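**Q** My structure is in run-v9.pdb, and what it holds is PDB, C-alpha atoms:
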```
ATOM      1  CA  MET H   1      62.855 -17.583 -91.734
ATOM      2  CA  LYS H   2      63.864 -16.883 -88.152
ATOM      3  CA  HIS H   3      61.950 -14.215 -86.258
ATOM      4  CA  ALA H   4      63.759 -11.705 -84.072
ATOM      5  CA  TYR H   5      63.728 -12.483 -80.351
ATOM      6  CA  ARG H   6      60.971 -10.633 -78.476
ATOM      7  CA  PRO H   7      61.169 -10.516 -74.671
ATOM      8  CA  PRO H   8      58.123 -11.568 -72.650
ATOM      9  CA  HIS H   9      55.504  -8.902 -71.891
ATOM     10  CA  HIS H  10      56.312  -8.683 -68.189
ATOM     11  CA  LYS H  11      59.901  -7.851 -68.985
ATOM     12  CA  ILE H  12      58.758  -5.044 -71.242
ATOM     13  CA  HIS H  13      56.639  -3.691 -68.421
ATOM     14  CA  ILE H  14      59.483  -3.897 -65.956
ATOM     15  CA  SER H  15      61.815  -2.138 -68.324
ATOM     16  CA  ARG H  16      59.325   0.632 -68.879
ATOM     17  CA  LEU H  17      58.828   0.990 -65.151
ATOM     18  CA  ILE H  18      62.564   1.283 -64.649
ATOM     19  CA  LYS H  19      62.689   4.018 -67.262
ATOM     20  CA  LEU H  20      59.807   5.840 -65.546
ATOM     21  CA  LEU H  21      61.530   5.591 -62.191
ATOM     22  CA  HIS H  22      64.617   7.172 -63.672
ATOM     23  CA  ASN H  23      62.425  10.106 -64.687
ATOM     24  CA  ARG H  24      62.646  12.573 -61.788
ATOM     25  CA  HIS H  25      59.598  14.547 -62.828
ATOM     26  CA  VAL H  26      57.422  11.466 -62.839
ATOM     27  CA  LEU H  27      58.759  10.418 -59.447
ATOM     28  CA  ALA H  28      58.116  13.820 -57.956
ATOM     29  CA  GLY H  29      54.565  13.915 -59.296
ATOM     30  CA  LEU H  30      53.830  10.432 -58.011
ATOM     31  CA  LEU H  31      55.167  11.317 -54.562
ATOM     32  CA  ILE H  32      53.127  14.521 -54.377
ATOM     33  CA  PHE H  33      49.966  12.635 -55.367
ATOM     34  CA  CYS H  34      50.502   9.984 -52.678
ATOM     35  CA  LEU H  35      51.161  12.605 -50.012
ATOM     36  CA  ALA H  36      48.078  14.605 -50.998
ATOM     37  CA  LEU H  37      45.865  11.511 -50.929
ATOM     38  CA  ALA H  38      47.162  10.448 -47.514
ATOM     39  CA  SER H  39      46.632  13.957 -46.149
ATOM     40  CA  LEU H  40      43.071  14.103 -47.463
ATOM     41  CA  LEU H  41      42.178  10.743 -45.910
ATOM     42  CA  THR H  42      43.708  11.782 -42.585
ATOM     43  CA  VAL H  43      41.745  15.045 -42.487
ATOM     44  CA  GLN H  44      38.491  13.293 -43.308
ATOM     45  CA  ALA H  45      39.044  10.671 -40.619
ATOM     46  CA  HIS H  46      39.860  13.381 -38.067
ATOM     47  CA  ARG H  47      36.742  15.359 -38.934
ATOM     48  CA  LYS H  48      34.579  12.250 -38.616
ATOM     49  CA  ARG H  49      36.007  11.419 -35.185
ATOM     50  CA  ALA H  50      35.641  15.032 -34.051
ATOM     51  CA  GLY H  51      32.033  15.083 -35.210
ATOM     52  CA  LEU H  52      31.195  11.887 -33.330
ATOM     53  CA  ASN H  53      32.828  13.155 -30.157
ATOM     54  CA  SER H  54      31.043  16.480 -30.478
ATOM     55  CA  ASP H  55      27.662  14.798 -30.861
ATOM     56  CA  ALA H  56      28.288  12.537 -27.868
ATOM     57  CA  ALA H  57      29.368  15.367 -25.583
ATOM     58  CA  GLN H  58      26.857  17.951 -26.749
ATOM     59  CA  PRO H  59      24.355  18.534 -23.904
ATOM     60  CA  ALA H  60      20.686  19.172 -24.559
ATOM     61  CA  THR H  61      19.840  22.835 -24.885
ATOM     62  CA  ALA H  62      17.534  24.571 -22.428
ATOM     63  CA  LYS H  63      14.923  24.780 -25.171
ATOM     64  CA  GLN H  64      15.109  21.033 -25.854
ATOM     65  CA  VAL H  65      14.750  20.215 -22.148
ATOM     66  CA  ALA H  66      11.828  22.626 -21.710
ATOM     67  CA  THR H  67      10.059  21.254 -24.784
ATOM     68  CA  ARG H  68      10.315  17.686 -23.528
ATOM     69  CA  GLN H  69       9.210  18.728 -20.045
ATOM     70  CA  ARG H  70       6.081  20.341 -21.464
ATOM     71  CA  HIS H  71       5.351  17.210 -23.492
ATOM     72  CA  VAL H  72       5.641  14.855 -20.499
ATOM     73  CA  LYS H  73       3.685  17.180 -18.206
ATOM     74  CA  ARG H  74       0.929  17.545 -20.811
ATOM     75  CA  GLN H  75       0.659  13.758 -21.181
ATOM     76  CA  LEU H  76       0.493  13.323 -17.400
ATOM     77  CA  HIS H  77      -2.136  16.025 -16.999
ATOM     78  CA  HIS H  78      -4.321  14.531 -19.729
ATOM     79  CA  TYR H  79      -4.101  11.169 -17.994
ATOM     80  CA  PHE H  80      -5.109  12.724 -14.678
ATOM     81  CA  GLN H  81      -8.068  14.442 -16.300
ATOM     82  CA  LYS H  82      -9.167  11.150 -17.793
ATOM     83  CA  ILE H  83      -9.076   9.136 -14.565
ATOM     84  CA  SER H  84     -10.726  11.896 -12.517
ATOM     85  CA  ALA H  85     -13.443  12.806 -15.008
ATOM     86  CA  ASP H  86     -16.239  11.136 -13.011
ATOM     87  CA  GLY H  87     -15.342  13.058  -9.841
ATOM     88  CA  THR H  88     -14.440  10.001  -7.766
ATOM     89  CA  THR H  89     -10.678  10.449  -7.954
ATOM     90  CA  SER H  90      -8.346  13.212  -6.794
ATOM     91  CA  VAL H  91      -4.710  12.958  -7.829
ATOM     92  CA  SER H  92      -1.600  15.092  -7.374
ATOM     93  CA  PHE H  93       1.987  14.603  -8.588
ATOM     94  CA  TYR H  94       5.102  16.551  -7.607
ATOM     95  CA  ASN H  95       8.634  15.645  -8.718
ATOM     96  CA  LEU H  96      11.126  16.261  -5.928
ATOM     97  CA  GLY H  97      14.351  15.924  -7.900
ATOM     98  CA  PRO H  98      17.112  13.402  -7.142
ATOM     99  CA  VAL H  99      18.653  12.460  -3.820
ATOM    100  CA  ALA H 100      22.014  14.212  -3.341
ATOM    101  CA  GLY H 101      24.931  12.030  -4.468
ATOM    102  CA  SER H 102      22.702   9.540  -6.306
ATOM    103  CA  THR H 103      23.205   8.306  -9.858
ATOM    104  CA  ALA H 104      20.476  10.646 -11.075
ATOM    105  CA  ALA H 105      22.030  13.602  -9.264
ATOM    106  CA  LYS H 106      25.317  13.012 -11.099
ATOM    107  CA  SER H 107      23.621  13.343 -14.490
ATOM    108  CA  PRO H 108      23.459  17.007 -15.619
ATOM    109  CA  THR H 109      20.612  16.227 -18.003
ATOM    110  CA  ALA H 110      18.575  14.360 -15.375
ATOM    111  CA  ARG H 111      19.081  17.176 -12.859
ATOM    112  CA  ARG H 112      17.783  19.733 -15.359
ATOM    113  CA  PHE H 113      14.872  17.669 -16.632
ATOM    114  CA  TYR H 114      13.650  16.548 -13.196
ATOM    115  CA  GLN H 115      14.299  19.820 -11.389
ATOM    116  CA  ALA H 116      11.912  19.959  -8.441
ATOM    117  CA  GLY H 117       8.384  20.956  -9.368
ATOM    118  CA  THR H 118       8.895  21.275 -13.130
ATOM    119  CA  LEU H 119       6.548  18.369 -13.899
ATOM    120  CA  ALA H 120       4.009  18.929 -11.103
ATOM    121  CA  THR H 121       0.368  18.583 -12.080
ATOM    122  CA  SER H 122      -2.937  17.440 -10.605
ATOM    123  CA  ALA H 123      -6.669  16.930 -11.092
ATOM    124  CA  ASN H 124      -9.447  17.553  -8.547
ATOM    125  CA  ALA H 125      -6.610  18.199  -6.115
ATOM    126  CA  HIS H 126      -8.335  21.146  -4.415
ATOM    127  CA  THR H 127     -11.633  19.324  -3.875
ATOM    128  CA  PRO H 128     -12.194  18.412  -0.190
ATOM    129  CA  VAL H 129     -12.874  14.696   0.288
ATOM    130  CA  ILE H 130     -12.865  12.273   3.205
ATOM    131  CA  SER H 131      -9.265  11.894   4.275
ATOM    132  CA  ALA H 132      -9.639   8.613   6.155
ATOM    133  CA  SER H 133      -6.346   7.876   7.951
ATOM    134  CA  THR H 134      -4.213  10.136   5.782
ATOM    135  CA  TYR H 135      -5.121  12.869   8.314
ATOM    136  CA  LYS H 136      -2.635  11.177  10.641
ATOM    137  CA  LEU H 137       0.122  12.931   8.714
ATOM    138  CA  TYR H 138      -1.304  16.177  10.130
ATOM    139  CA  ILE H 139      -1.285  14.724  13.642
ATOM    140  CA  ALA H 140       2.387  13.845  13.166
ATOM    141  CA  ALA H 141       3.170  17.324  11.837
ATOM    142  CA  TYR H 142       1.483  19.014  14.814
ATOM    143  CA  LEU H 143       3.244  16.868  17.398
ATOM    144  CA  PHE H 144       6.600  17.387  15.688
ATOM    145  CA  GLN H 145       6.142  21.145  15.835
ATOM    146  CA  GLN H 146       5.204  20.917  19.501
ATOM    147  CA  HIS H 147       8.241  18.743  20.183
ATOM    148  CA  ALA H 148      10.595  21.119  18.370
ATOM    149  CA  ALA H 149       9.197  23.974  20.468
ATOM    150  CA  GLY H 150       9.795  22.018  23.676
ATOM    151  CA  LEU H 151       6.079  21.615  24.337
ATOM    152  CA  TYR H 152       5.824  17.867  23.810
ATOM    153  CA  THR H 153       7.798  14.927  25.178
ATOM    154  CA  TRP H 154       8.136  11.550  23.493
ATOM    155  CA  THR H 155       7.433   9.108  26.313
ATOM    156  CA  PRO H 156       7.626   5.349  25.658
ATOM    157  CA  THR H 157       3.819   5.257  25.663
ATOM    158  CA  ALA H 158       3.617   8.098  23.123
ATOM    159  CA  GLU H 159       6.225   6.479  20.910
ATOM    160  CA  ALA H 160       4.355   3.179  20.937
ATOM    161  CA  GLY H 161       1.066   4.891  20.100
ATOM    162  CA  PHE H 162       2.695   6.912  17.301
ATOM    163  CA  HIS H 163       4.188   3.714  15.874
ATOM    164  CA  ARG H 164       0.780   2.028  15.772
ATOM    165  CA  MET H 165      -0.775   5.117  14.186
ATOM    166  CA  ILE H 166       1.624   5.113  11.234
ATOM    167  CA  VAL H 167       2.529   1.450  10.743
ATOM    168  CA  ASN H 168      -0.835  -0.144  11.521
ATOM    169  CA  SER H 169      -3.050   2.902  10.939
ATOM    170  CA  ALA H 170      -4.500   2.434  14.429
ATOM    171  CA  ASN H 171      -6.879   5.173  15.582
ATOM    172  CA  ASP H 172      -6.408   5.339  19.351
ATOM    173  CA  PHE H 173      -3.340   7.591  19.479
ATOM    174  CA  ALA H 174      -4.628   9.969  16.789
ATOM    175  CA  GLU H 175      -8.054  10.298  18.417
ATOM    176  CA  ASP H 176      -6.495  10.897  21.834
ATOM    177  CA  THR H 177      -4.376  13.676  20.309
ATOM    178  CA  ILE H 178      -7.452  15.344  18.779
ATOM    179  CA  ASP H 179      -9.287  15.099  22.121
ATOM    180  CA  THR H 180      -6.306  16.518  24.005
ATOM    181  CA  TYR H 181      -5.644  19.567  21.826
ATOM    182  CA  GLY H 182      -9.063  20.052  20.240
ATOM    183  CA  PRO H 183     -10.137  20.327  16.578
ATOM    184  CA  VAL H 184      -9.879  24.131  16.555
ATOM    185  CA  THR H 185      -6.246  24.102  17.700
ATOM    186  CA  LEU H 186      -5.337  21.511  15.110
ATOM    187  CA  ASP H 187      -7.161  23.388  12.322
ATOM    188  CA  ASN H 188      -5.437  26.625  13.284
ATOM    189  CA  PHE H 189      -2.129  24.806  13.016
ATOM    190  CA  LEU H 190      -3.066  23.516   9.538
ATOM    191  CA  THR H 191      -3.952  27.046   8.450
ATOM    192  CA  SER H 192      -0.600  28.363   9.700
ATOM    193  CA  GLN H 193       1.209  25.753   7.565
ATOM    194  CA  HIS H 194      -0.932  26.443   4.484
ATOM    195  CA  TYR H 195      -2.476  22.976   4.637
ATOM    196  CA  TYR H 196      -6.197  22.459   4.044
ATOM    197  CA  SER H 197      -8.423  23.607   6.911
ATOM    198  CA  PRO H 198     -10.822  22.926   8.543
ATOM    199  CA  ALA H 199      -9.968  19.244   8.434
ATOM    200  CA  PHE H 200     -11.299  18.375  11.896
ATOM    201  CA  ILE H 201     -14.945  19.042  12.679
ATOM    202  CA  SER H 202     -16.478  17.476  15.776
ATOM    203  CA  GLY H 203     -18.778  14.586  14.959
ATOM    204  CA  GLU H 204     -17.719  14.398  11.303
ATOM    205  CA  ALA H 205     -15.130  12.417   9.369
ATOM    206  CA  ALA H 206     -11.917  14.339   8.746
ATOM    207  CA  VAL H 207     -11.583  15.860   5.274
ATOM    208  CA  THR H 208      -8.672  17.151   3.232
ATOM    209  CA  THR H 209      -7.449  17.588  -0.342
ATOM    210  CA  ALA H 210      -4.843  15.879  -2.512
ATOM    211  CA  ASP H 211      -3.073  19.229  -2.826
ATOM    212  CA  SER H 212      -2.838  19.603   0.947
ATOM    213  CA  LEU H 213      -1.429  16.099   1.390
ATOM    214  CA  THR H 214       1.115  16.891  -1.315
ATOM    215  CA  ARG H 215       2.151  19.991   0.638
ATOM    216  CA  VAL H 216       2.646  18.111   3.902
ATOM    217  CA  LEU H 217       4.635  15.379   2.126
ATOM    218  CA  LYS H 218       6.771  17.986   0.397
ATOM    219  CA  ASP H 219       7.619  19.540   3.774
ATOM    220  CA  LEU H 220       8.359  16.087   5.152
ATOM    221  CA  ALA H 221      10.606  15.121   2.228
ATOM    222  CA  THR H 222      12.559  18.389   2.342
ATOM    223  CA  GLN H 223      12.708  18.668   6.156
ATOM    224  CA  LYS H 224      10.864  21.976   6.236
ATOM    225  CA  GLY H 225       7.954  23.476   8.172
ATOM    226  CA  PRO H 226       6.951  21.258  11.116
ATOM    227  CA  PHE H 227       9.439  18.564  10.026
ATOM    228  CA  ARG H 228      12.634  20.534  10.693
ATOM    229  CA  HIS H 229      13.573  18.287  13.612
ATOM    230  CA  ALA H 230      15.798  15.758  11.803
ATOM    231  CA  LYS H 231      15.327  12.843  14.207
ATOM    232  CA  ASP H 232      11.526  13.140  14.167
ATOM    233  CA  GLN H 233      11.490  13.493  10.380
ATOM    234  CA  GLN H 234      13.649  10.432   9.824
ATOM    235  CA  GLN H 235      11.628   8.410  12.301
ATOM    236  CA  LEU H 236       8.356   9.188  10.506
ATOM    237  CA  LEU H 237       9.820   8.323   7.101
ATOM    238  CA  ALA H 238      11.150   5.039   8.480
ATOM    239  CA  LEU H 239       7.725   4.118   9.865
ATOM    240  CA  MET H 240       6.000   5.062   6.598
ATOM    241  CA  ARG H 241       8.377   2.807   4.689
ATOM    242  CA  THR H 242       7.285  -0.116   6.869
ATOM    243  CA  GLN H 243       3.531   0.567   7.137
ATOM    244  CA  VAL H 244       1.657  -2.669   6.479
ATOM    245  CA  TYR H 245      -0.875  -1.681   3.787
ATOM    246  CA  ARG H 246       1.163  -1.876   0.588
ATOM    247  CA  THR H 247      -1.215  -2.854  -2.205
ATOM    248  CA  GLY H 248      -1.607   0.729  -3.443
ATOM    249  CA  ILE H 249       1.258   3.035  -4.416
ATOM    250  CA  PRO H 250       4.002   0.679  -3.083
ATOM    251  CA  ALA H 251       2.716  -2.184  -5.241
ATOM    252  CA  GLY H 252       2.368  -0.005  -8.331
ATOM    253  CA  ALA H 253       5.833   1.505  -7.941
ATOM    254  CA  ALA H 254       7.483  -1.880  -7.358
ATOM    255  CA  ALA H 255       5.730  -3.321 -10.414
ATOM    256  CA  THR H 256       7.331  -0.609 -12.509
ATOM    257  CA  GLN H 257      10.862  -0.949 -11.177
ATOM    258  CA  LYS H 258      12.243  -3.279  -8.534
ATOM    259  CA  GLY H 259      14.149  -1.560  -5.781
ATOM    260  CA  THR H 260      11.815   1.431  -5.654
ATOM    261  CA  VAL H 261      11.265   2.570  -2.052
ATOM    262  CA  VAL H 262       7.906   3.981  -0.937
ATOM    263  CA  ALA H 263       7.174   5.861   2.299
ATOM    264  CA  ASP H 264       3.398   6.302   2.415
ATOM    265  CA  LYS H 265       0.324   6.734   4.565
ATOM    266  CA  VAL H 266      -2.909   5.093   3.518
ATOM    267  CA  GLY H 267      -6.503   5.794   4.468
ATOM    268  CA  PHE H 268      -9.563   3.568   4.157
ATOM    269  CA  LEU H 269     -13.084   4.206   5.380
ATOM    270  CA  ALA H 270     -16.281   2.759   3.848
ATOM    271  CA  ASP H 271     -15.832   3.259   0.082
ATOM    272  CA  THR H 272     -12.835   5.602   0.503
ATOM    273  CA  ASN H 273      -9.335   4.333  -0.384
ATOM    274  CA  ASN H 274      -6.520   6.887  -0.258
ATOM    275  CA  ASP H 275      -2.747   6.742  -0.511
ATOM    276  CA  ALA H 276      -0.183   9.538  -0.071
ATOM    277  CA  ALA H 277       3.442   8.671  -0.797
ATOM    278  CA  ILE H 278       7.031   9.757  -1.223
ATOM    279  CA  VAL H 279       8.602   7.460  -3.827
ATOM    280  CA  THR H 280      12.350   7.009  -4.347
ATOM    281  CA  LEU H 281      13.573   5.208  -7.480
ATOM    282  CA  PRO H 282      16.749   3.069  -7.484
ATOM    283  CA  ASN H 283      18.664   5.809  -9.336
ATOM    284  CA  GLY H 284      17.744   8.381  -6.675
ATOM    285  CA  GLU H 285      14.903  10.227  -8.414
ATOM    286  CA  ARG H 286      12.053  11.090  -6.031
ATOM    287  CA  TYR H 287       8.445  12.098  -6.414
ATOM    288  CA  ILE H 288       5.286  12.660  -4.390
ATOM    289  CA  LEU H 289       2.057  11.009  -5.489
ATOM    290  CA  VAL H 290      -1.316  11.382  -3.776
ATOM    291  CA  ILE H 291      -4.300   9.372  -4.989
ATOM    292  CA  MET H 292      -7.673   9.680  -3.267
ATOM    293  CA  THR H 293     -10.578   7.533  -4.457
ATOM    294  CA  HIS H 294     -14.166   6.757  -3.524
ATOM    295  CA  GLY H 295     -17.268   5.310  -5.159
ATOM    296  CA  HIS H 296     -17.084   2.517  -7.734
ATOM    297  CA  GLU H 297     -18.684   0.255  -5.086
ATOM    298  CA  GLN H 298     -15.354   0.111  -3.260
ATOM    299  CA  ASN H 299     -15.196  -1.470   0.172
ATOM    300  CA  GLY H 300     -12.379  -2.481   2.461
ATOM    301  CA  PHE H 301      -9.222  -2.347   0.344
ATOM    302  CA  SER H 302     -10.791  -3.000  -3.070
ATOM    303  CA  GLY H 303      -9.758   0.392  -4.431
ATOM    304  CA  PHE H 304      -6.039  -0.045  -3.822
ATOM    305  CA  PRO H 305      -5.338  -2.157  -6.940
ATOM    306  CA  ARG H 306      -6.688   0.782  -8.963
ATOM    307  CA  ILE H 307      -4.344   3.093  -7.075
ATOM    308  CA  ALA H 308      -1.481   0.715  -7.913
ATOM    309  CA  LYS H 309      -2.421   0.788 -11.602
ATOM    310  CA  ILE H 310      -2.430   4.599 -11.643
ATOM    311  CA  THR H 311       0.975   4.637  -9.930
ATOM    312  CA  THR H 312       2.482   2.274 -12.489
ATOM    313  CA  HIS H 313       1.244   4.420 -15.367
ATOM    314  CA  VAL H 314       2.564   7.632 -13.777
ATOM    315  CA  GLN H 315       6.013   6.227 -13.045
ATOM    316  CA  ARG H 316       6.428   4.714 -16.492
ATOM    317  CA  LEU H 317       5.321   7.918 -18.153
ATOM    318  CA  VAL H 318       7.447  10.355 -16.164
ATOM    319  CA  TYR H 319      10.541   8.296 -15.381
ATOM    320  CA  ASP H 320      11.057   6.394 -18.621
ATOM    321  CA  PRO H 321      14.896   6.061 -18.946
ATOM    322  CA  ALA H 322      14.547   6.790 -22.661
ATOM    323  CA  ILE H 323      13.715  10.430 -21.851
ATOM    324  CA  VAL H 324      17.150  11.309 -20.500
ATOM    325  CA  LYS H 325      18.881   9.140 -23.114
ATOM    326  CA  SER H 326      17.145  10.987 -25.935
ATOM    327  CA  LEU H 327      18.155  14.349 -24.480
ATOM    328  CA  ASN H 328      21.779  13.197 -24.213
TER
END
```
If you took the structure in this file and wrote it as structure tokens, what would it be?

**A**
Amino acid sequence: MKHAYRPPHHKIHISRLIKLLHNRHVLAGLLIFCLALASLLTVQAHRKRAGLNSDAAQPATAKQVATRQRHVKRQLHHYFQKISADGTTSVSFYNLGPVAGSTAAKSPTARRFYQAGTLATSANAHTPVISASTYKLYIAAYLFQQHAAGLYTWTPTAEAGFHRMIVNSANDFAEDTIDTYGPVTLDNFLTSQHYYSPAFISGEAAVTTADSLTRVLKDLATQKGPFRHAKDQQQLLALMRTQVYRTGIPAGAAATQKGTVVADKVGFLADTNNDAAIVTLPNGERYILVIMTHGHEQNGFSGFPRIAKITTHVQRLVYDPAIVKSLN
């Protein structure tokens, strides 16, 4: 017996589909569903993109910046307390903020986080200790004030002596200046500038504090106080950048980041090794660091590697690039 012809399954499906397509209600429903699905996907994609852009552009709040500042400053202070616990080290840190027009200055977050003075801290910084040749910064400050007032002339001989005093830490020019003007006059000048005084006592080694050296460097860096004369200020900074004893703060800063520029004045006498510096990072951030050490059987320049080690730790702690990135 012959069976009736039955079309293949795919033809049945096609025929059913054709019938469905002829059904206007089904077509309308299918179209509405597709449009709704496409709209939903578009909205979700837009919200995701908007959220990502919002997160990327959202600046850190004042509270977030202040919280992180307190954390970094607390870490730095604890470190200073640790290294100065035996009384043989005085240390002072002051963040100056970025150089105008630098990469750091163009970052709103960096400008807020490293606003001048917000991270400043110290240990034993008000304890008078032997200054060694760091006192020559005070000699420079006094002569600059005299020059600005028209009471001092830079002769070739004076310029040569000043150069030796800063670059080679030679004593002749500084001692001649003290003899010429007298310790009392110089100490009165220091008092007028709110630097430590008396620093100069006849027959005794000059003394000062890490805080006082920080103050004089701050005036130098910001062209204030006795450093208002721009040409004198720039000349002193240039000489400090080329002074020959660079195993302390300059070595420690360079070990942390190549391209860091250090203008500093060292001091060494018996077991005393001191370094007072203005440090400028490649991105334009600047800070002042003063480290004064004695004891530990130091002699000659043996204490400067320790100063370098402290510098490296400070710079890595305070100027870790991850800080600004996390706040962004």

**Q** Can you pull out every residue within 10 Å of stretch 165-182 of chain H, counting all atoms listed in the file, but drop anything in the same chain fewer than 5 positions away, and send it as JSON, numbers by chain?

**A** {"H": [132, 133, 134, 135, 136, 137, 138, 139, 140, 142, 143, 157, 158, 159, 160, 187, 200, 201, 202, 236, 237, 238, 239, 240, 241, 242, 243, 244, 245, 264, 265, 266, 267, 268]}

**Q** Using Å and a single decimal, report how far atom CA of H:Ala199 sits from atom CA of H:Val314.

**A**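 Going from atom CA of H:Val314 over to atom CA of H:Ala199, I get 28.0 Å.
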
**Q** Looking at H:Thr127, H:Pro282, H:Leu269, H:Tyr287, which one is nearest to H:Thr89, with distances taken over all atoms listed in the file?

**A**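 Counting all atoms listed in the file, the residue closest to H:Thr89 is H:Thr127.
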
**Q** Taking only C-alpha atoms into account, which of H:Ala276, H:Ile130, H:Ala270, H:Leu317 comes nearest H:Ser302?

**A**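 Of H:Ala276, H:Ile130, H:Ala270, H:Leu317, the one nearest H:Ser302 is H:Ala270, counting only C-alpha atoms.
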
**Q** Do you have the atom CA of H:Arg228-atom CA of H:Ala206 distance handy?

**A**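 Calculated distance between atom CA of H:Arg228 and atom CA of H:Ala206 is 25.4 Å.
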